Structure formats: C-alpha cells, structure tokens
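A quick write-up on the structure given underneath.
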Amino acid sequence: MKKIGVFTSGGDAPGMNACVRSVVRSCLSLDIEPYGIWRGYNGMIAGDIRKMVSHDVSNIVQRGGTILKSARSEEFLTKEGRQKAYDNLMEHEIDGLIAIGGDGTFTGANLFGDEFEMPIVGAPGTIDNDLYGSDITIGFDTAVNTALDAIDKIRDTANSHDRVFFIEVMGRNSGYIAIQSGIGGGAEMVMVPETSTTMDDVIQTLKKGRDSQKTSSIIVVAEGDEQGNAHEIAGRVREHNPDLDIRVSTLGHIQRGGSPSAFDRVLASRLGLAAVEGLLNGEKNVMVGVIDNKITYTNLKLAISKSKPLNQELIRLVDILSI
C-alpha cells in the first residue's frame with residue numbers, strides 16, 4: 001500500500017482535525033503518500049483529491065470542525081456516483097481509504113468497500129457516541145463538556161428565579177450526551193430515547209422536588225426522546241402545573257463546535273494511527289475503536305447495525321442523585 005486517502009463526512013465533531021493530522025503524519029512516517037479528499041463523498045465524486053504534506057496539518061489539532069470539510073452526498077447513493085468516486089480514486093492510484101465519521105459515513109463506506117473491493121478503515125467521529133465497537137467516539141467528550149458548561153450557567157438562572165428549566169441536548173437516537181451531562185450538571189431528571197419516561201414521571205419528579213423544598217429544577221432532554229422535544233414536554237407540564245415558572249433552552253449545534261478537549265485530541269490521534277496501521281495489516285471494511293482502552297477493529301456492518309446500549313448504572317445513578 002503506497003497511497004492512502006482520508007476524508008471526513010456527515011456531521012462534524014471536535015477532534016476530527018486531530019484525527020486527520022494523525023493519519024497524514026502517520027502515513028508520512030511510514031513512507032506512504034497521504035491524500036486528502038475534500039467534502040467527503042461529494043469531493044470523491046468531483047475529484048477534489050489532493051496530496052498532503054506535513055505542513056498541511058500544522059496547527060489544526062486544537063481546531064474544531066474539519067479542514068477537509070464535510071457534506072452529505074445524494075449522488076453517492078447511486079451506482080453511477082460511486083463509480084465516479086472509484087474512478088477518481090484510481091486516477092490518483094489510491095490503495096485504501098480512511099473514513100472519519102458516523103453511521104451514515106460508515107454505511108456508505110461499507111457499500112463502497114464491498115462494491116469495489118476497496119480497503120476501508122473507519123474512525124468513529126460523532127458526538128453521539130452511538131457506534132457499536134468503541135467505548136467512546138471522537139467528539140463525544142467535548143460535546144458533553146460543552147453541554148455541561150451550558151447547564152451550569154442555566155442552573156445559576158434557575159436558582160435565582162426559582163424556575164424549572166428543560167434543557168435539550170443533541171441525541172436523536174442516543175442518550176449518551178444527555179445522561180453524562182445530566183449527571184455532571186446535577187439534573188433532577190434525564191429523558192433519553194433508550195428508556196421509557198411518562199409525563200406522569202416528569203410531573204411526579206418535579207412534585208417530589210418541591211416537597212423536599214427545592215426551589216428550582218433542571219431536566220435534561222435528549223432531542224430524540226419518545227415524549228417529544230423539550231418545548232413539547234415543557235408545554236404539557238405547564239398545562240398540569242400552571243403555577244410553575246418553566247423555561248426551555250435548546251443547546252443545538254454549539255455542541256458540535258469548539259476546540260476539542262485533551263481527551264478527544266488524544267483519542268483522535270490514537271485512532272488515526274491505528275487506522276493507518278490497520279490498512280497496512282490487511283484490515284478492510286472495519287471501524288477502529290477503543291474498548292477497555294485497547295485498540296480494536298470491528299466489522300463496519302456490525303458497527304452500524306448493532307445497537308450500543310446505555311450504561312444502566314448511569315441511568316440508576318440519575319435517580320439516586322436526584323433525591
């Protein structure tokens with residue numbers, strides 16, 4: 001293997017740049033030519049592929065987002081689009097790919113790898129931490145700390161005005177950000193897609209808090225909770241408790257941005273090197289991850305199809321600490 005292409009795709013995550021940097025410099029240290037592919041699968045189809053040197057990745061380890069840009073590609077969903085992408089890779093004589101992204105990125109990579117027998121290793125870059133085959137994904141730690149910082153600030157306002165705040169965090173199908181930031185932020189309740197929570201549960205939790213002389217409450221809601229988003233839940237609670245001073249804060253995309261934490265920078269650097277070494281050792285159509293702090297490789301199909309359950313101890317902890 002003499003040439004390796006690297007790209008980022010799907011939603012950006014803090015630490016993606018650190019992973020790109022690691023891939024490029026790992027390749028160079030092993031006498032392999034690294035090629036950057038700009039704007040993910042769209043760039044692959046458009047032929048936006050360039051050879052990279054060490055200087056290209058200088059001073060990016062601390063930057064959020066991705067210098068390679070990211071985009072979602074409808075054309076890549078077609079056989080013709082994937083053929084164009086493959087032809088462009090062959091024009092540059094690229095022998096293998098490293099895909100940095102989440103489940104959508106890996107779904108495309110798995111199909112592309114099977115279709116053209118292109119060796120691909122995925123590096124999990126998603127703030128949702130929802131990929132099977134890694135205890136943690138690039139960007140998750142930073143996103144949790146961003147959410148936690150916001151929760152701490154909102155707590156000050158809630159205490160000052162005796163308010164109930166519903167704080168919505170990202171997590172369409174995953175409650176990892178909600179559960180971690182909720183515990184760290186001292187939330188009275190956390191609502192996540194993985195567990196069933198009724199409106200009566202919410203109302204009783206708030207009543208229990210008032211009965212124990214709590215003057216304010218924080219409820220963290222993952223955007224994909226089965227009861228709806230934070231605004232919908234707050235509206236229903238307000239109907240049952242018109243005397244409560246209720247506010248809603250949706251954190252949104254601030255969770256994706258910002259300088260990556262030290263943890264994410266180190267994790268991304270480890271996974272970048274492991275992705276390169278995986279390709280050199282004959283790995284194909286796998287995702288590199290960390291389980292029990294050890295590098296592992298998981299079949300892409302398994303990584304995107306198998307669910308990654310929430311730690312039940314954390315769910316129990318929320319209930320215990322909310323007393």
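To be explicit about the labels: the chains of the structure tokens are called A, B, and onward in the order shown, and within each one the residues are counted from 1, while ligands get numbers from 1 in the order they are shown.
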Exercise for review: Enumerate the residues of segment 140-173 of chain A with a DSSP assignment of strand (DSSP E or B), computed from the backbone, and present them as an NGL selection string.
Suggested key: :A and (164-169)
Resulting file, chosen residues, N, CA and C atoms, as a compact mmCIF listing (two decimals), in the first residue's frame:
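Dumped everything to result07.txt:
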# COMPACT_ATOMS: atom_id res chain seq x y z
N VAL A 164 -38.06 26.18 36.65
CA VAL A 164 -37.82 24.84 36.12
C VAL A 164 -37.32 25.00 34.69
N PHE A 165 -36.15 24.44 34.40
CA PHE A 165 -35.59 24.52 33.06
C PHE A 165 -35.58 23.14 32.41
N PHE A 166 -36.11 23.07 31.19
CA PHE A 166 -35.95 21.89 30.35
C PHE A 166 -34.84 22.22 29.34
N ILE A 167 -33.75 21.47 29.39
CA ILE A 167 -32.60 21.73 28.54
C ILE A 167 -32.46 20.59 27.54
N GLU A 168 -32.58 20.94 26.26
CA GLU A 168 -32.49 19.92 25.21
C GLU A 168 -31.07 19.83 24.67
N VAL A 169 -30.55 18.61 24.65
CA VAL A 169 -29.22 18.35 24.09
C VAL A 169 -29.37 17.45 22.86
**Study point:** Within 12 Å of Ile246 of chain A using only C-alpha atoms, minus same-chain residues under 2 positions, as a PyMOL selection string
**Key:** chain A and resi 157-158+161-167+206+216-219+230-231+233-244+248-249
Exercise for review: Please report, as a ChimeraX atom specification, each residue of segment 30-249 of chain A to which DSSP assigns alpha helix (DSSP H) when run on this structure's backbone.
Suggested key: /A:40-46,79-91,103-116,140-161,176-184,199-211,230-240
Write to file, as a PDB file, in the first residue's frame, the residues of the selection just made, with C-alpha atoms.
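This went into again_26.pdb:
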ATOM      1  CA  GLY A  40     -16.480  13.744   1.825  1.00  0.00           C
ATOM      2  CA  TYR A  41     -18.188  11.617  -0.806  1.00  0.00           C
ATOM      3  CA  ASN A  42     -19.114  14.722  -2.805  1.00  0.00           C
ATOM      4  CA  GLY A  43     -15.433  15.546  -3.170  1.00  0.00           C
ATOM      5  CA  MET A  44     -14.641  11.967  -4.077  1.00  0.00           C
ATOM      6  CA  ILE A  45     -17.156  12.161  -6.915  1.00  0.00           C
ATOM      7  CA  ALA A  46     -15.956  15.622  -8.003  1.00  0.00           C
ATOM      8  CA  LYS A  79     -24.278   3.269  -8.565  1.00  0.00           C
ATOM      9  CA  GLU A  80     -23.147   5.884 -11.100  1.00  0.00           C
ATOM     10  CA  GLY A  81     -21.999   8.238  -8.352  1.00  0.00           C
ATOM     11  CA  ARG A  82     -19.962   5.560  -6.629  1.00  0.00           C
ATOM     12  CA  GLN A  83     -18.392   4.579  -9.959  1.00  0.00           C
ATOM     13  CA  LYS A  84     -17.263   8.181 -10.483  1.00  0.00           C
ATOM     14  CA  ALA A  85     -15.790   8.218  -6.992  1.00  0.00           C
ATOM     15  CA  TYR A  86     -13.912   4.981  -7.628  1.00  0.00           C
ATOM     16  CA  ASP A  87     -12.593   6.175 -10.976  1.00  0.00           C
ATOM     17  CA  ASN A  88     -11.215   9.332  -9.349  1.00  0.00           C
ATOM     18  CA  LEU A  89      -9.507   7.317  -6.633  1.00  0.00           C
ATOM     19  CA  MET A  90      -7.942   5.068  -9.257  1.00  0.00           C
ATOM     20  CA  GLU A  91      -6.749   8.115 -11.194  1.00  0.00           C
ATOM     21  CA  ASP A 103     -23.131   5.683  10.947  1.00  0.00           C
ATOM     22  CA  GLY A 104     -24.103   7.385   7.662  1.00  0.00           C
ATOM     23  CA  THR A 105     -20.459   7.685   6.648  1.00  0.00           C
ATOM     24  CA  PHE A 106     -19.812   4.053   7.505  1.00  0.00           C
ATOM     25  CA  THR A 107     -22.937   2.838   5.715  1.00  0.00           C
ATOM     26  CA  GLY A 108     -21.568   4.394   2.526  1.00  0.00           C
ATOM     27  CA  ALA A 109     -18.058   3.107   3.222  1.00  0.00           C
ATOM     28  CA  ASN A 110     -19.286  -0.439   3.784  1.00  0.00           C
ATOM     29  CA  LEU A 111     -21.215  -0.427   0.500  1.00  0.00           C
ATOM     30  CA  PHE A 112     -18.344   1.171  -1.420  1.00  0.00           C
ATOM     31  CA  GLY A 113     -15.766  -1.223   0.015  1.00  0.00           C
ATOM     32  CA  ASP A 114     -17.841  -4.267  -0.898  1.00  0.00           C
ATOM     33  CA  GLU A 115     -18.699  -2.980  -4.356  1.00  0.00           C
ATOM     34  CA  PHE A 116     -15.160  -2.148  -5.480  1.00  0.00           C
ATOM     35  CA  PHE A 140     -18.236  12.999  22.470  1.00  0.00           C
ATOM     36  CA  ASP A 141     -16.162  14.187  25.421  1.00  0.00           C
ATOM     37  CA  THR A 142     -16.015  17.750  24.081  1.00  0.00           C
ATOM     38  CA  ALA A 143     -19.757  17.804  23.363  1.00  0.00           C
ATOM     39  CA  VAL A 144     -20.557  16.634  26.897  1.00  0.00           C
ATOM     40  CA  ASN A 145     -18.359  19.325  28.412  1.00  0.00           C
ATOM     41  CA  THR A 146     -19.928  21.972  26.163  1.00  0.00           C
ATOM     42  CA  ALA A 147     -23.401  20.878  27.298  1.00  0.00           C
ATOM     43  CA  LEU A 148     -22.266  20.741  30.917  1.00  0.00           C
ATOM     44  CA  ASP A 149     -20.907  24.281  30.773  1.00  0.00           C
ATOM     45  CA  ALA A 150     -24.271  25.489  29.479  1.00  0.00           C
ATOM     46  CA  ILE A 151     -26.186  23.551  32.140  1.00  0.00           C
ATOM     47  CA  ASP A 152     -24.025  25.079  34.894  1.00  0.00           C
ATOM     48  CA  LYS A 153     -24.802  28.576  33.613  1.00  0.00           C
ATOM     49  CA  ILE A 154     -28.514  27.867  33.273  1.00  0.00           C
ATOM     50  CA  ARG A 155     -28.549  26.455  36.808  1.00  0.00           C
ATOM     51  CA  ASP A 156     -27.494  29.881  38.115  1.00  0.00           C
ATOM     52  CA  THR A 157     -30.500  31.496  36.421  1.00  0.00           C
ATOM     53  CA  ALA A 158     -32.851  28.723  37.553  1.00  0.00           C
ATOM     54  CA  ASN A 159     -31.775  29.177  41.176  1.00  0.00           C
ATOM     55  CA  SER A 160     -32.037  32.968  41.002  1.00  0.00           C
ATOM     56  CA  HIS A 161     -35.621  32.927  39.716  1.00  0.00           C
ATOM     57  CA  TYR A 176     -25.219   9.451  25.845  1.00  0.00           C
ATOM     58  CA  ILE A 177     -24.753  13.239  25.878  1.00  0.00           C
ATOM     59  CA  ALA A 178     -27.911  13.717  27.952  1.00  0.00           C
ATOM     60  CA  ILE A 179     -27.038  11.128  30.597  1.00  0.00           C
ATOM     61  CA  GLN A 180     -23.428  12.245  31.058  1.00  0.00           C
ATOM     62  CA  SER A 181     -24.139  15.981  31.103  1.00  0.00           C
ATOM     63  CA  GLY A 182     -27.212  15.402  33.256  1.00  0.00           C
ATOM     64  CA  ILE A 183     -25.257  13.575  35.939  1.00  0.00           C
ATOM     65  CA  GLY A 184     -22.402  16.070  35.773  1.00  0.00           C
ATOM     66  CA  MET A 199     -45.375  12.578  31.531  1.00  0.00           C
ATOM     67  CA  ASP A 200     -46.600  11.438  34.936  1.00  0.00           C
ATOM     68  CA  ASP A 201     -42.975  10.521  35.774  1.00  0.00           C
ATOM     69  CA  VAL A 202     -41.904  14.064  34.927  1.00  0.00           C
ATOM     70  CA  ILE A 203     -44.705  15.686  36.920  1.00  0.00           C
ATOM     71  CA  GLN A 204     -44.053  13.452  39.942  1.00  0.00           C
ATOM     72  CA  THR A 205     -40.325  14.191  39.844  1.00  0.00           C
ATOM     73  CA  LEU A 206     -40.995  17.920  39.937  1.00  0.00           C
ATOM     74  CA  LYS A 207     -43.556  17.473  42.731  1.00  0.00           C
ATOM     75  CA  LYS A 208     -41.068  15.438  44.750  1.00  0.00           C
ATOM     76  CA  GLY A 209     -38.532  18.240  44.340  1.00  0.00           C
ATOM     77  CA  ARG A 210     -40.979  20.878  45.565  1.00  0.00           C
ATOM     78  CA  ASP A 211     -41.987  18.683  48.503  1.00  0.00           C
ATOM     79  CA  ALA A 230     -38.036  19.894  25.236  1.00  0.00           C
ATOM     80  CA  HIS A 231     -40.590  22.514  24.097  1.00  0.00           C
ATOM     81  CA  GLU A 232     -43.329  19.888  23.681  1.00  0.00           C
ATOM     82  CA  ILE A 233     -42.621  18.285  27.048  1.00  0.00           C
ATOM     83  CA  ALA A 234     -42.450  21.634  28.827  1.00  0.00           C
ATOM     84  CA  GLY A 235     -45.782  22.642  27.272  1.00  0.00           C
ATOM     85  CA  ARG A 236     -47.515  19.563  28.634  1.00  0.00           C
ATOM     86  CA  VAL A 237     -46.006  20.030  32.090  1.00  0.00           C
ATOM     87  CA  ARG A 238     -47.153  23.670  32.077  1.00  0.00           C
ATOM     88  CA  GLU A 239     -50.735  22.502  31.416  1.00  0.00           C
ATOM     89  CA  HIS A 240     -50.664  20.373  34.574  1.00  0.00           C
TER      90      HIS A 240
END
Review point. Near segment 291-299 of chain A, counting only C-alpha atoms, which residues have an atom at most 7 Å away, once you skip same-chain residues fewer than 3 positions from it, shown as a PyMOL selection string?
Key: chain A and resi 133-135+285-288+302-303
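Of the residues listed (A:Gly258, A:Gly272, A:Gly289, A:Gly224), A:Gly272 shows the shortest atom-to-atom separation from Ser22 of chain A; distances use only C-alpha atoms.
Of the listed residues (A:Gly185, A:Gly257, A:Gly10, A:Pro193), A:Gly10 comes nearest to Ala71 of chain A; the distances count only C-alpha atoms.
Between atom CA of Cys19 of chain A and atom CA of Ile49 of chain A lies a distance of 17.8 Å.
Among the candidates A:Ala222, A:Cys27, A:Leu273, A:Ala99, the residue lying nearest to Gly125 of chain A is A:Ala99 (atoms considered: only C-alpha atoms).
Using only C-alpha atoms, the smallest distance between any of A:Lys69, A:Arg63, A:Arg270, A:Lys51 and Val23 of chain A comes from A:Arg270.
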